[in-house]
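Asker: Hey, dropping final-v8.csv in here, CSV, C-alpha atoms and all ligand atoms:
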```csv
chain,number,residue,atom,x,y,z
M,1,MET,CA,16.9,-25.0,46.6
M,2,ASN,CA,16.3,-24.4,42.9
M,3,LYS,CA,17.5,-21.2,41.3
M,4,LEU,CA,14.7,-18.8,40.6
M,5,PHE,CA,13.8,-17.0,37.4
M,6,TYR,CA,11.3,-14.2,36.7
M,7,ILE,CA,9.8,-13.5,33.2
M,8,GLU,CA,7.7,-10.8,31.7
M,9,THR,CA,6.1,-10.8,28.2
M,10,TYR,CA,4.9,-8.0,26.0
M,11,GLY,CA,3.2,-8.0,22.6
M,12,CYS,CA,1.5,-10.6,20.4
M,13,LYS,CA,0.4,-14.2,20.9
M,14,LEU,CA,3.5,-15.4,19.2
M,15,ASN,CA,5.6,-13.7,21.8
M,16,GLN,CA,3.5,-15.4,24.5
M,17,LEU,CA,4.1,-18.7,22.8
M,18,ASP,CA,7.9,-18.0,22.6
M,19,THR,CA,7.8,-17.1,26.3
M,20,GLU,CA,6.3,-20.5,27.0
M,21,ARG,CA,9.2,-22.2,25.2
M,22,VAL,CA,11.8,-20.1,27.1
M,23,ARG,CA,10.0,-20.8,30.4
M,24,ASN,CA,10.1,-24.5,29.7
M,25,ALA,CA,13.8,-24.3,28.7
M,26,LEU,CA,14.5,-22.6,32.1
M,27,HIS,CA,12.5,-25.3,34.0
M,28,ALA,CA,14.4,-28.0,32.1
M,29,ALA,CA,17.7,-26.2,33.2
M,30,GLY,CA,16.6,-26.5,36.8
M,31,TYR,CA,15.1,-23.1,37.4
M,32,THR,CA,11.9,-22.4,39.3
M,33,GLU,CA,9.6,-19.5,38.3
M,34,THR,CA,9.0,-16.8,40.9
M,35,ASP,CA,6.6,-13.8,40.6
M,36,ASP,CA,9.0,-11.7,42.7
M,37,PRO,CA,11.7,-10.2,40.5
M,38,GLU,CA,13.7,-9.1,43.6
M,39,VAL,CA,14.5,-12.7,44.6
M,40,ALA,CA,15.2,-14.0,41.1
M,41,GLU,CA,18.7,-14.9,40.0
M,42,LEU,CA,17.6,-14.7,36.4
M,43,ILE,CA,15.2,-12.1,34.8
M,44,VAL,CA,13.8,-12.4,31.3
M,45,VAL,CA,11.9,-9.6,29.5
M,46,ASN,CA,10.4,-10.8,26.2
M,47,SER,CA,9.9,-7.4,24.5
M,48,CYS,CA,7.7,-6.1,21.7
M,49,ALA,CA,8.5,-3.4,19.2
M,50,VAL,CA,5.4,-3.4,17.2
M,51,THR,CA,4.9,0.3,18.1
M,52,GLY,CA,7.3,2.8,19.6
M,53,ASN,CA,5.3,2.8,22.8
M,54,ALA,CA,5.4,-1.0,23.1
M,55,GLU,CA,9.2,-0.9,22.9
M,56,LYS,CA,9.4,2.0,25.3
M,57,GLU,CA,7.3,0.1,27.8
M,58,SER,CA,9.5,-3.1,27.5
M,59,ARG,CA,12.7,-1.0,28.1
M,60,TYR,CA,11.1,0.9,31.0
M,61,ARG,CA,10.3,-2.4,32.7
M,62,LEU,CA,13.9,-3.7,32.1
M,63,ARG,CA,15.3,-0.5,33.7
M,64,ARG,CA,12.9,-0.9,36.7
M,65,LEU,CA,13.9,-4.5,37.1
M,66,GLN,CA,17.5,-3.5,36.9
M,67,ARG,CA,17.0,-1.1,39.8
M,68,ALA,CA,14.9,-3.6,41.7
M,69,ASN,CA,17.4,-6.4,41.4
M,70,PRO,CA,20.8,-5.2,40.1
M,71,ASP,CA,22.5,-8.5,40.9
M,72,ALA,CA,20.3,-10.7,38.7
M,73,ARG,CA,21.5,-11.9,35.3
M,74,LYS,CA,19.1,-10.4,32.7
M,75,TYR,CA,18.0,-11.4,29.2
M,76,PHE,CA,16.2,-8.9,27.0
M,77,ILE,CA,14.8,-10.9,24.2
M,78,GLY,CA,12.3,-10.6,21.3
M,79,CYS,CA,11.7,-7.6,19.1
M,80,PHE,CA,13.6,-4.4,19.8
M,81,THR,CA,15.5,-1.9,17.7
M,82,GLU,CA,17.9,-0.1,20.1
M,83,ILE,CA,20.5,-1.8,22.2
M,84,GLN,CA,21.2,-0.1,25.6
M,85,ASN,CA,24.1,-1.1,27.7
M,86,LEU,CA,22.9,-2.5,30.9
M,87,PRO,CA,25.2,-4.4,33.2
M,88,ASP,CA,24.6,-8.2,33.4
M,89,THR,CA,22.1,-8.0,30.5
M,90,VAL,CA,22.2,-10.2,27.4
M,91,PHE,CA,20.3,-8.8,24.4
M,92,LEU,CA,18.9,-11.5,22.1
M,93,ARG,CA,16.9,-10.0,19.1
M,94,GLY,CA,14.2,-11.8,17.2
M,95,GLU,CA,14.9,-15.5,16.6
M,96,GLU,CA,18.2,-15.2,18.6
M,97,LYS,CA,16.0,-15.5,21.7
M,98,PHE,CA,16.2,-19.2,21.3
M,99,GLN,CA,20.0,-19.1,21.9
M,100,ILE,CA,18.8,-19.1,25.5
M,101,GLN,CA,18.6,-22.8,24.8
M,102,GLU,CA,22.3,-23.1,24.5
M,103,LEU,CA,22.7,-20.9,27.5
M,104,MET,CA,20.1,-22.4,29.7
M,105,GLY,CA,19.5,-26.0,28.6
M,106,HIS,CA,17.1,-28.0,26.6
M,107,LEU,CA,14.4,-26.2,24.6
M,108,PRO,CA,11.2,-28.2,24.4
M,109,SER,CA,9.3,-28.5,21.2
M,110,TYR,CA,5.9,-26.8,20.9
M,111,PRO,CA,3.8,-29.9,21.6
M,112,GLU,CA,5.4,-30.4,25.0
M,113,ILE,CA,4.1,-27.1,26.2
M,114,GLN,CA,0.5,-27.3,25.4
M,115,GLU,CA,-0.8,-28.6,28.6
M,116,LYS,CA,-0.4,-25.3,30.4
M,117,HIS,CA,-2.7,-23.1,28.3
M,118,VAL,CA,-6.4,-23.1,28.7
M,119,ARG,CA,-6.8,-22.3,25.1
M,120,PRO,CA,-3.4,-23.4,23.7
M,121,LEU,CA,-1.8,-21.5,20.8
M,122,VAL,CA,-0.9,-23.5,17.7
M,123,HIS,CA,1.9,-21.9,15.7
M,124,ILE,CA,1.3,-22.1,12.0
M,125,GLN,CA,3.4,-19.4,10.4
M,126,ASN,CA,6.0,-16.7,11.1
M,127,GLY,CA,7.2,-13.5,9.3
M,128,CYS,CA,5.5,-11.3,6.7
M,129,ASP,CA,6.3,-10.3,3.1
M,130,LEU,CA,4.4,-7.0,3.2
M,131,ASN,CA,5.7,-3.6,4.0
M,132,CYS,CA,2.9,-1.7,5.7
M,133,THR,CA,4.5,1.7,6.3
M,134,TYR,CA,4.0,1.8,10.1
M,135,CYS,CA,5.1,-1.8,10.8
M,136,ILE,CA,8.5,-3.0,12.0
M,137,VAL,CA,7.5,-6.6,12.3
M,138,PRO,CA,8.9,-7.9,8.9
M,139,TYR,CA,12.3,-6.4,10.0
M,140,PHE,CA,12.4,-8.7,13.1
M,141,ARG,CA,10.5,-11.7,11.9
M,142,GLY,CA,11.7,-11.9,8.2
M,143,SER,CA,9.7,-13.1,5.3
M,144,SER,CA,6.7,-15.4,5.6
M,145,ARG,CA,7.5,-19.0,6.5
M,146,SER,CA,4.7,-21.6,6.9
M,147,ILE,CA,4.9,-24.5,9.3
M,148,ALA,CA,4.2,-27.8,7.4
M,149,ARG,CA,0.7,-29.1,7.9
M,150,ASP,CA,1.9,-32.3,9.5
M,151,GLU,CA,3.8,-30.3,12.1
M,152,VAL,CA,0.7,-28.2,12.7
M,153,LEU,CA,-1.2,-31.4,13.2
M,154,ASP,CA,1.3,-32.6,15.7
M,155,GLN,CA,0.7,-29.5,17.7
M,156,VAL,CA,-3.0,-29.9,17.4
M,157,LYS,CA,-2.8,-33.6,18.5
M,158,ALA,CA,-0.8,-32.5,21.6
M,159,VAL,CA,-3.6,-30.0,22.4
M,160,ILE,CA,-6.2,-32.8,22.2
M,161,HIS,CA,-4.0,-35.2,24.2
M,162,ALA,CA,-3.7,-32.5,26.9
M,163,GLY,CA,-7.5,-32.6,27.2
M,164,ARG,CA,-8.0,-29.1,25.8
M,165,LYS,CA,-11.1,-28.2,23.8
M,166,GLU,CA,-10.0,-25.2,21.8
M,167,ALA,CA,-6.8,-24.1,20.1
M,168,VAL,CA,-5.9,-20.7,18.6
M,169,LEU,CA,-4.1,-20.7,15.3
M,170,THR,CA,-1.5,-18.1,15.5
M,171,GLY,CA,1.3,-16.5,13.5
M,172,ILE,CA,2.2,-13.1,12.1
M,173,HIS,CA,0.3,-13.2,8.8
M,174,LEU,CA,-2.0,-16.3,8.8
M,175,GLY,CA,-3.6,-15.7,5.4
M,176,THR,CA,-0.2,-16.3,3.7
M,177,TRP,CA,0.0,-19.8,5.1
M,178,GLY,CA,1.1,-22.3,2.5
M,179,LYS,CA,2.3,-19.8,-0.2
M,180,ASP,CA,6.0,-20.7,0.4
M,181,LEU,CA,5.3,-24.5,0.6
M,182,THR,CA,5.9,-26.9,-2.3
M,183,PRO,CA,3.4,-27.6,-3.7
M,184,LYS,CA,1.9,-24.2,-2.8
M,185,GLN,CA,-1.1,-24.4,-0.5
M,186,HIS,CA,-3.8,-22.1,0.9
M,187,PHE,CA,-5.0,-21.4,4.4
M,188,LEU,CA,-8.2,-23.1,3.5
M,189,ASP,CA,-6.3,-26.3,2.7
M,190,LEU,CA,-4.9,-26.2,6.2
M,191,LEU,CA,-8.3,-25.8,7.8
M,192,ARG,CA,-9.7,-28.7,5.7
M,193,PHE,CA,-6.8,-30.9,6.7
M,194,LEU,CA,-7.2,-30.1,10.4
M,195,ASP,CA,-11.0,-30.6,10.1
M,196,LYS,CA,-10.4,-34.1,8.6
M,197,HIS,CA,-7.9,-35.2,11.2
M,198,THR,CA,-9.4,-33.9,14.4
M,199,VAL,CA,-12.9,-35.2,13.8
M,200,ASN,CA,-14.6,-32.9,16.1
M,201,GLN,CA,-12.3,-33.4,19.1
M,202,LEU,CA,-11.2,-29.8,19.1
M,203,LYS,CA,-12.4,-26.3,18.2
M,204,ILE,CA,-10.2,-24.0,16.3
M,205,ARG,CA,-10.1,-20.2,16.7
M,206,ILE,CA,-8.4,-18.1,14.0
M,207,SER,CA,-6.4,-15.3,15.7
M,208,SER,CA,-6.5,-12.9,12.8
M,209,LEU,CA,-7.0,-12.8,9.0
M,210,ASP,CA,-6.7,-9.9,6.5
M,211,SER,CA,-9.8,-9.1,4.6
M,212,ASN,CA,-8.1,-9.5,1.2
M,213,GLU,CA,-7.2,-13.1,2.2
M,214,ILE,CA,-10.8,-14.2,2.8
M,215,PRO,CA,-12.1,-15.4,-0.5
M,216,ASP,CA,-15.7,-16.6,-1.1
M,217,ASP,CA,-14.7,-20.3,-0.8
M,218,LEU,CA,-13.2,-19.7,2.6
M,219,ILE,CA,-16.4,-18.0,3.8
M,220,GLU,CA,-18.5,-20.9,2.4
M,221,TYR,CA,-16.3,-23.3,4.3
M,222,LEU,CA,-16.5,-21.3,7.5
M,223,GLN,CA,-20.3,-21.2,7.2
M,224,ASN,CA,-20.4,-25.0,7.3
M,225,SER,CA,-17.5,-25.7,9.5
M,226,GLU,CA,-18.0,-27.7,12.7
M,227,ILE,CA,-14.5,-26.9,14.1
M,228,VAL,CA,-13.8,-23.2,13.4
M,229,GLN,CA,-15.3,-20.9,16.1
M,230,PRO,CA,-17.6,-18.1,14.9
M,231,HIS,CA,-15.2,-15.3,15.7
M,232,PHE,CA,-13.1,-13.4,13.2
M,233,HIS,CA,-10.6,-10.7,13.9
M,234,ILE,CA,-10.0,-8.8,10.7
M,235,PRO,CA,-7.5,-5.9,10.9
M,236,LEU,CA,-8.9,-2.7,9.3
M,237,GLN,CA,-6.4,-0.1,10.5
M,238,SER,CA,-8.3,2.8,8.9
M,239,GLY,CA,-11.6,3.4,7.2
M,240,SER,CA,-10.2,6.3,5.2
M,241,VAL,CA,-9.2,5.5,1.6
M,242,GLY,CA,-6.3,7.9,1.6
M,243,ILE,CA,-4.9,6.6,4.9
M,244,LEU,CA,-5.1,3.0,3.9
M,245,LYS,CA,-3.1,3.9,0.8
M,246,ARG,CA,-0.5,5.8,2.9
M,247,MET,CA,-0.3,2.8,5.2
M,248,LYS,CA,0.2,0.6,2.1
M,249,ARG,CA,-2.5,-1.7,3.1
M,250,ARG,CA,-3.7,-3.9,0.3
M,251,TYR,CA,-7.4,-3.3,0.4
M,252,SER,CA,-9.9,-0.4,0.2
M,253,PRO,CA,-12.6,0.3,2.8
M,254,ASN,CA,-15.2,-0.9,0.3
M,255,GLN,CA,-13.4,-4.3,-0.2
M,256,PHE,CA,-13.2,-4.7,3.6
M,257,LEU,CA,-16.9,-3.9,3.9
M,258,SER,CA,-17.8,-6.4,1.2
M,259,VAL,CA,-16.0,-9.2,3.0
M,260,VAL,CA,-17.3,-8.4,6.5
M,261,ASN,CA,-20.8,-8.1,5.1
M,262,LYS,CA,-20.5,-11.5,3.4
M,263,ILE,CA,-19.3,-13.1,6.7
M,264,HIS,CA,-22.0,-11.4,8.7
M,265,GLY,CA,-24.6,-12.6,6.1
M,266,ALA,CA,-23.3,-16.2,6.1
M,267,ILE,CA,-22.7,-16.5,9.8
M,268,PRO,CA,-24.9,-14.1,11.7
M,269,GLU,CA,-23.9,-15.3,15.1
M,270,ALA,CA,-20.2,-14.7,14.4
M,271,CYS,CA,-18.4,-12.0,16.4
M,272,LEU,CA,-16.4,-9.7,14.1
M,273,GLY,CA,-13.6,-7.5,15.4
M,274,ALA,CA,-10.9,-5.3,13.9
M,275,ASP,CA,-7.8,-3.3,14.8
M,276,VAL,CA,-7.8,0.4,14.0
M,277,ILE,CA,-4.9,2.8,14.2
M,278,VAL,CA,-5.8,6.5,14.8
M,279,GLY,CA,-3.6,9.5,14.3
M,280,PHE,CA,-1.6,8.1,11.4
M,281,PRO,CA,0.6,10.9,10.1
M,282,GLY,CA,-1.4,13.5,8.2
M,283,GLU,CA,-4.8,12.2,9.4
M,284,THR,CA,-7.1,15.2,9.0
M,285,ASP,CA,-10.4,15.7,10.8
M,286,GLU,CA,-12.1,14.8,7.6
M,287,GLU,CA,-10.2,11.5,7.3
M,288,PHE,CA,-10.9,10.6,10.9
M,289,LYS,CA,-14.6,11.4,10.3
M,290,GLU,CA,-14.5,9.3,7.1
M,291,CYS,CA,-13.0,6.4,9.2
M,292,PHE,CA,-15.6,6.8,12.0
M,293,SER,CA,-18.5,6.9,9.6
M,294,PHE,CA,-17.1,4.0,7.6
M,295,ILE,CA,-16.9,1.8,10.8
M,296,SER,CA,-20.4,2.9,11.7
M,297,LYS,CA,-21.6,1.3,8.5
M,298,THR,CA,-19.8,-2.1,9.1
M,299,PRO,CA,-21.2,-5.0,11.1
M,300,LEU,CA,-18.1,-5.0,13.3
M,301,ASP,CA,-18.8,-6.0,17.0
M,302,TYR,CA,-15.7,-4.6,18.6
M,303,LEU,CA,-12.5,-2.6,17.8
M,304,HIS,CA,-9.0,-2.7,19.2
M,305,VAL,CA,-8.0,0.9,18.9
M,306,PHE,CA,-4.4,2.0,19.0
M,307,PRO,CA,-3.0,5.5,18.8
M,308,PHE,CA,-0.3,5.7,16.1
M,309,SER,CA,3.2,5.6,17.6
M,310,PRO,CA,6.1,6.1,15.3
M,311,ARG,CA,8.4,3.2,14.9
M,312,THR,CA,12.0,4.1,14.2
M,313,GLY,CA,13.1,2.6,10.9
M,314,THR,CA,9.6,2.6,9.3
M,315,PRO,CA,8.5,5.1,6.6
M,316,ALA,CA,5.6,6.4,8.7
M,317,ALA,CA,8.0,7.5,11.5
M,318,THR,CA,9.4,10.2,9.3
M,319,MET,CA,6.2,11.2,7.4
M,320,PRO,CA,5.2,14.9,7.7
M,321,ASP,CA,2.3,16.2,9.8
M,322,GLN,CA,2.5,13.8,12.8
M,323,VAL,CA,-0.7,14.2,14.7
M,324,PRO,CA,-0.5,15.8,18.2
M,325,GLU,CA,-0.9,13.3,21.1
M,326,PRO,CA,-4.0,15.0,22.6
M,327,LEU,CA,-5.8,14.8,19.3
M,328,LYS,CA,-4.9,11.1,19.0
M,329,ARG,CA,-6.2,10.5,22.5
M,330,GLU,CA,-9.5,12.3,21.6
M,331,ARG,CA,-9.9,10.1,18.5
M,332,VAL,CA,-9.1,6.9,20.4
M,333,LYS,CA,-11.8,7.9,22.9
M,334,GLN,CA,-14.4,8.3,20.2
M,335,LEU,CA,-13.7,5.0,18.6
M,336,LYS,CA,-13.5,3.2,21.9
M,337,ALA,CA,-17.0,4.5,22.8
M,338,LEU,CA,-18.3,3.2,19.4
M,339,SER,CA,-16.6,-0.2,20.2
M,340,ASP,CA,-18.2,-0.4,23.7
M,341,ASP,CA,-21.6,0.2,22.1
M,342,ARG,CA,-21.1,-2.4,19.5
M,343,ARG,CA,-19.9,-5.0,22.1
M,344,LYS,CA,-23.0,-4.4,24.1
M,345,GLN,CA,-25.3,-4.6,21.1
M,346,PHE,CA,-23.6,-7.9,20.1
M,347,ALA,CA,-23.9,-9.4,23.6
M,348,GLN,CA,-27.5,-8.3,23.8
M,349,ARG,CA,-28.4,-10.5,20.9
M,350,PHE,CA,-27.4,-13.6,22.9
M,351,ILE,CA,-29.0,-12.8,26.2
M,352,GLY,CA,-31.1,-15.8,27.2
M,353,LYS,CA,-29.6,-18.0,24.5
M,354,HIS,CA,-27.4,-21.0,25.2
M,355,ARG,CA,-23.9,-21.0,23.8
M,356,THR,CA,-20.9,-23.4,24.1
M,357,GLY,CA,-17.7,-21.9,25.5
M,358,ILE,CA,-14.5,-22.7,27.3
M,359,LEU,CA,-14.1,-22.2,31.0
M,360,ILE,CA,-11.2,-19.7,31.3
M,361,TYR,CA,-11.3,-19.1,35.1
M,362,PRO,CA,-13.5,-20.8,37.6
M,363,ASP,CA,-16.0,-17.9,37.2
M,364,LEU,CA,-15.5,-16.9,33.5
M,365,VAL,CA,-16.6,-18.6,30.3
M,366,LEU,CA,-15.5,-17.4,26.9
M,367,THR,CA,-18.3,-18.4,24.4
M,368,ASP,CA,-17.6,-19.7,20.9
M,369,ASN,CA,-18.5,-16.3,19.6
M,370,TYR,CA,-16.2,-14.4,21.9
M,371,ILE,CA,-18.5,-13.2,24.7
M,372,SER,CA,-16.8,-13.2,28.1
M,373,VAL,CA,-19.6,-14.4,30.5
M,374,HIS,CA,-19.0,-13.9,34.2
M,375,LEU,CA,-20.6,-16.6,36.3
M,376,ASN,CA,-22.3,-15.5,39.5
M,377,THR,CA,-20.6,-18.3,41.4
M,378,SER,CA,-17.3,-20.1,40.8
M,379,THR,CA,-17.3,-23.6,39.6
M,380,ASP,CA,-14.8,-26.3,40.7
M,381,ILE,CA,-14.7,-27.7,37.1
M,382,SER,CA,-11.1,-27.4,35.6
M,383,PRO,CA,-10.4,-24.4,33.4
M,384,GLY,CA,-10.1,-25.4,29.8
M,385,SER,CA,-13.3,-27.5,29.9
M,386,GLU,CA,-16.1,-27.0,27.4
M,387,MET,CA,-19.3,-25.7,28.9
M,388,ARG,CA,-22.8,-24.6,28.0
M,389,VAL,CA,-23.6,-21.2,29.3
M,390,LYS,CA,-26.5,-18.8,29.2
M,391,PRO,CA,-25.8,-15.0,29.3
M,392,THR,CA,-28.6,-13.5,31.4
M,393,HIS,CA,-27.8,-9.8,31.6
M,394,ILE,CA,-25.4,-7.0,30.9
M,395,ALA,CA,-24.2,-4.9,33.8
M,396,SER,CA,-24.2,-1.1,33.4
M,397,GLN,CA,-20.4,-1.0,32.8
M,398,GLY,CA,-20.8,-3.5,30.0
M,399,SER,CA,-19.7,-6.8,31.5
M,400,VAL,CA,-21.9,-9.8,30.6
M,401,HIS,CA,-23.1,-12.2,33.3
M,402,GLY,CA,-24.7,-15.6,33.1
M,403,ILE,CA,-25.1,-19.1,34.3
M,404,LEU,CA,-24.0,-22.6,33.4
M,405,VAL,CA,-26.7,-24.7,31.8
M,501,LIG,S1,0.7,-7.3,7.1
M,501,LIG,FE1,1.6,-5.3,7.5
M,501,LIG,S2,1.1,-4.9,9.7
M,501,LIG,FE2,0.8,-7.1,9.4
M,501,LIG,S3,2.9,-7.9,10.0
M,501,LIG,FE3,2.9,-7.6,7.7
M,501,LIG,S4,3.8,-5.6,7.5
M,501,LIG,FE4,3.1,-5.7,9.6
```
Could you express the structure from this file as structure tokens?
Answerer:
Amino acid sequence: MNKLFYIETYGCKLNQLDTERVRNALHAAGYTETDDPEVAELIVVNSCAVTGNAEKESRYRLRRLQRANPDARKYFIGCFTEIQNLPDTVFLRGEEKFQIQELMGHLPSYPEIQEKHVRPLVHIQNGCDLNCTYCIVPYFRGSSRSIARDEVLDQVKAVIHAGRKEAVLTGIHLGTWGKDLTPKQHFLDLLRFLDKHTVNQLKIRISSLDSNEIPDDLIEYLQNSEIVQPHFHIPLQSGSVGILKRMKRRYSPNQFLSVVNKIHGAIPEACLGADVIVGFPGETDEEFKECFSFISKTPLDYLHVFPFSPRTGTPAATMPDQVPEPLKRERVKQLKALSDDRRKQFAQRFIGKHRTGILIYPDLVLTDNYISVHLNTSTDISPGSEMRVKPTHIASQGSVHGILV
């Protein structure tokens, strides 16, 4: 009988992709995956340290798994700051995680792993050159490194070969793609290159782009693009001028507004989303109100709202006037309510209209513009297929329902 392994993943899309590589390495080394940690001989936790809470959760799970199965060999991999001594546990930080290859066997290249994802991730970049005061990521991932466009194309071709219809371009800081290459290139060059070589065989979704990295020529391209999905996630983090400065973000609320308004004007059917951190150190009631009223003026269709959690080793962790947790929770609640309203308003615009989308589960289609449409009956078509769907109504709790057309 094969040896069994169990794996858990926390954090970003890049971590999910890394997990996929580790999973394949373990398969290649003769292991079989189990969803029961108690019977596994090998347990892997791919951790995230983007916030203090994220790291705490990864560690909490590792300790629980240690109690559940003290005899298993354990790997704690990914992004973490503090080493804890746990018996039978190997800690592999950041890129060290791929030493698991030496320990466990062959590590497959990215193209080999695409078949498993319904919407495969295509890795185009790693690391970040900036120093946002709340963020630990550059510490783990190092400076920005781009993947050469031919290698990106190899990944994209593997996605097409696997019969998938959509790929998600992923990395830590996508807008910096190409800056470290010789000759220097821009993210737009990569999109044009992929456009030319995929000739409509695949749709591309951009996981995230900073507002100050979306120039007018990129918006013009996106407006006319046949391959890029009309869905743009543009981190905001705060709508307060003072807080953005204390976060060392490189744009002002007005610059952000100008960019999202341009995209909304050029591509009205596009879904626009943003990350927001509330309770940043020193955030006053006035600054939170400034943030809330700023977001109310934007055309954003959803928010990912996070309470600030101090990350040891970052400047923000030791800033004065840390905001009490109950106040953070209250502010999160207010922005989430705004986000829920916006999501519903956005979906409402497409009720009764046909959209293309990808079948994610037998009863769920994700439209090109990021509406999750629940089907009334399951289909036996394989997940990953491209579908036409018509949203028909929104249930009281906000879920969107519809039919295949
Ligand atoms: S841009 Fe800022 S938040 Fe994003 S990875 Fe770089 S340092 Fe972190």
Asker: Give the residues close to ligand LIG 501 (chain M), within 6 Å, counting only C-alpha atoms and all ligand atoms; write them as a list in words.
Answerer: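 What falls inside 6 Å of ligand LIG 501 (chain M) is Cys128, Leu130, Asn131, Cys132, Cys135, Val137, Pro138 and Ile172 of chain M.
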Asker: Write the selection just made, keeping C-alpha atoms, as an mmCIF file, keeping the file's coordinate frame?
Answerer:
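Wrote part.cif, looks like this:
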```cif
data_model
loop_
_atom_site.group_PDB
_atom_site.id
_atom_site.type_symbol
_atom_site.label_atom_id
_atom_site.label_comp_id
_atom_site.auth_asym_id
_atom_site.auth_seq_id
_atom_site.Cartn_x
_atom_site.Cartn_y
_atom_site.Cartn_z
ATOM 1 C CA CYS M 128 5.500 -11.300 6.700
ATOM 2 C CA LEU M 130 4.400 -7.000 3.200
ATOM 3 C CA ASN M 131 5.700 -3.600 4.000
ATOM 4 C CA CYS M 132 2.900 -1.700 5.700
ATOM 5 C CA CYS M 135 5.100 -1.800 10.800
ATOM 6 C CA VAL M 137 7.500 -6.600 12.300
ATOM 7 C CA PRO M 138 8.900 -7.900 8.900
ATOM 8 C CA ILE M 172 2.200 -13.100 12.100
#
```
Asker: Could you give me, as a list in words, the residues within 6 Å of Ala274 in chain M, counting all atoms listed in the file and dropping anything in the same chain fewer than 6 positions from it?
Answerer: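 Counting all atoms listed in the file, the residues come to His233, Ile234, Pro235, Leu236 and Leu303 of chain M.
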Asker: Identify, on the basis of only C-alpha atoms, every residue whose closest approach to Leu191 in chain M does not exceed 12 Å; exclude the query and any residue fewer than 5 positions from it along the same chain; express the result as a VMD selection string.
Answerer: chain M and resid 124 149 152 to 153 156 169 174 to 175 177 to 178 185 to 186 196 to 198 203 to 206 218 to 219 221 to 222 225 to 229
Asker: Dig up all the protein and nucleic acid residues within 9 Å of (-12.9, -32.9, 20.3) in the file frame, using only C-alpha atoms, and format them as an MDAnalysis selection string.
Answerer: chainID M and resid 160 163:166 198:203 227
Asker: How would the residues just chosen look if you wrote them out with C-alpha atoms as an mmCIF file, in the coordinates of the input?
Answerer:
```
data_model
loop_
_atom_site.group_PDB
_atom_site.id
_atom_site.type_symbol
_atom_site.label_atom_id
_atom_site.label_comp_id
_atom_site.auth_asym_id
_atom_site.auth_seq_id
_atom_site.Cartn_x
_atom_site.Cartn_y
_atom_site.Cartn_z
ATOM 1 C CA ILE M 160 -6.200 -32.800 22.200
ATOM 2 C CA GLY M 163 -7.500 -32.600 27.200
ATOM 3 C CA ARG M 164 -8.000 -29.100 25.800
ATOM 4 C CA LYS M 165 -11.100 -28.200 23.800
ATOM 5 C CA GLU M 166 -10.000 -25.200 21.800
ATOM 6 C CA THR M 198 -9.400 -33.900 14.400
ATOM 7 C CA VAL M 199 -12.900 -35.200 13.800
ATOM 8 C CA ASN M 200 -14.600 -32.900 16.100
ATOM 9 C CA GLN M 201 -12.300 -33.400 19.100
ATOM 10 C CA LEU M 202 -11.200 -29.800 19.100
ATOM 11 C CA LYS M 203 -12.400 -26.300 18.200
ATOM 12 C CA ILE M 227 -14.500 -26.900 14.100
#
```
Asker: Nearest residue to Gly142 in chain M out of M:Arg23, M:His173, M:Lys297, M:Arg61, using all atoms listed in the file?
Answerer: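 Residue with the minimum atom-to-atom distance to Gly142 in chain M: M:His173.
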Asker: Can you work out the spacing between CA of Pro183 in chain M and CA of Val122 in chain M in Å, to one decimal?
Answerer: 22.2 Å
Asker: Mind pulling up the distance from CA of Asn212 in chain M to CA of Ser309 in chain M?
Answerer: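 A separation of 25.0 Å between them.
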Asker: Using only C-alpha atoms for the distances, tell me which of M:Arg145, M:His231, M:Lys245, M:His401 is nearest to Ile263 in chain M.
Answerer: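 Using only C-alpha atoms, the shortest distance to Ile263 in chain M belongs to M:His231.
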Asker: Would you please work out which residue, of M:Arg250, M:Arg342, M:Lys262, M:Lys336, is nearest to Leu300 in chain M when using all atoms listed in the file?
Answerer: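 For Leu300 in chain M, the nearest of the candidates is M:Arg342.
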Asker: To one decimal place, how far is CA of Gly242 in chain M from CA of Phe294 in chain M in Å?
Answerer: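 Value for the CA of Gly242 in chain M-CA of Phe294 in chain M distance: 13.0 Å.
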Asker: Find, counting only C-alpha atoms, the residue in M:Glu287, M:Glu57, M:Asp36, M:Glu325 that gets nearest to Ser238 in chain M.
Answerer: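 The closest residue to Ser238 in chain M is M:Glu287.
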Asker: Can you work out which one of M:Val118, M:Ala162, M:Leu257, M:Ala29 has the shortest atom-to-atom distance to Tyr361 in chain M, counting all atoms listed in the file?
Answerer: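 Nearest to Tyr361 in chain M: M:Val118.
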Asker: Mind filling out range 273-277 of chain M with N, CA and C atoms and sending it as a CSV table (one decimal), in the coordinates of the input?
Answerer:
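Final output, saved to result33.csv:
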```csv
chain,number,residue,atom,x,y,z
M,273,GLY,N,-14.4,-8.6,14.7
M,273,GLY,CA,-13.6,-7.5,15.4
M,273,GLY,C,-12.5,-7.0,14.4
M,274,ALA,N,-12.0,-5.8,14.7
M,274,ALA,CA,-10.9,-5.3,13.9
M,274,ALA,C,-10.0,-4.4,14.7
M,275,ASP,N,-8.7,-4.3,14.2
M,275,ASP,CA,-7.8,-3.3,14.8
M,275,ASP,C,-7.9,-2.0,14.0
M,276,VAL,N,-7.8,-0.9,14.7
M,276,VAL,CA,-7.8,0.4,14.0
M,276,VAL,C,-6.7,1.2,14.6
M,277,ILE,N,-5.9,1.9,13.8
M,277,ILE,CA,-4.9,2.8,14.2
M,277,ILE,C,-5.4,4.2,14.0
```
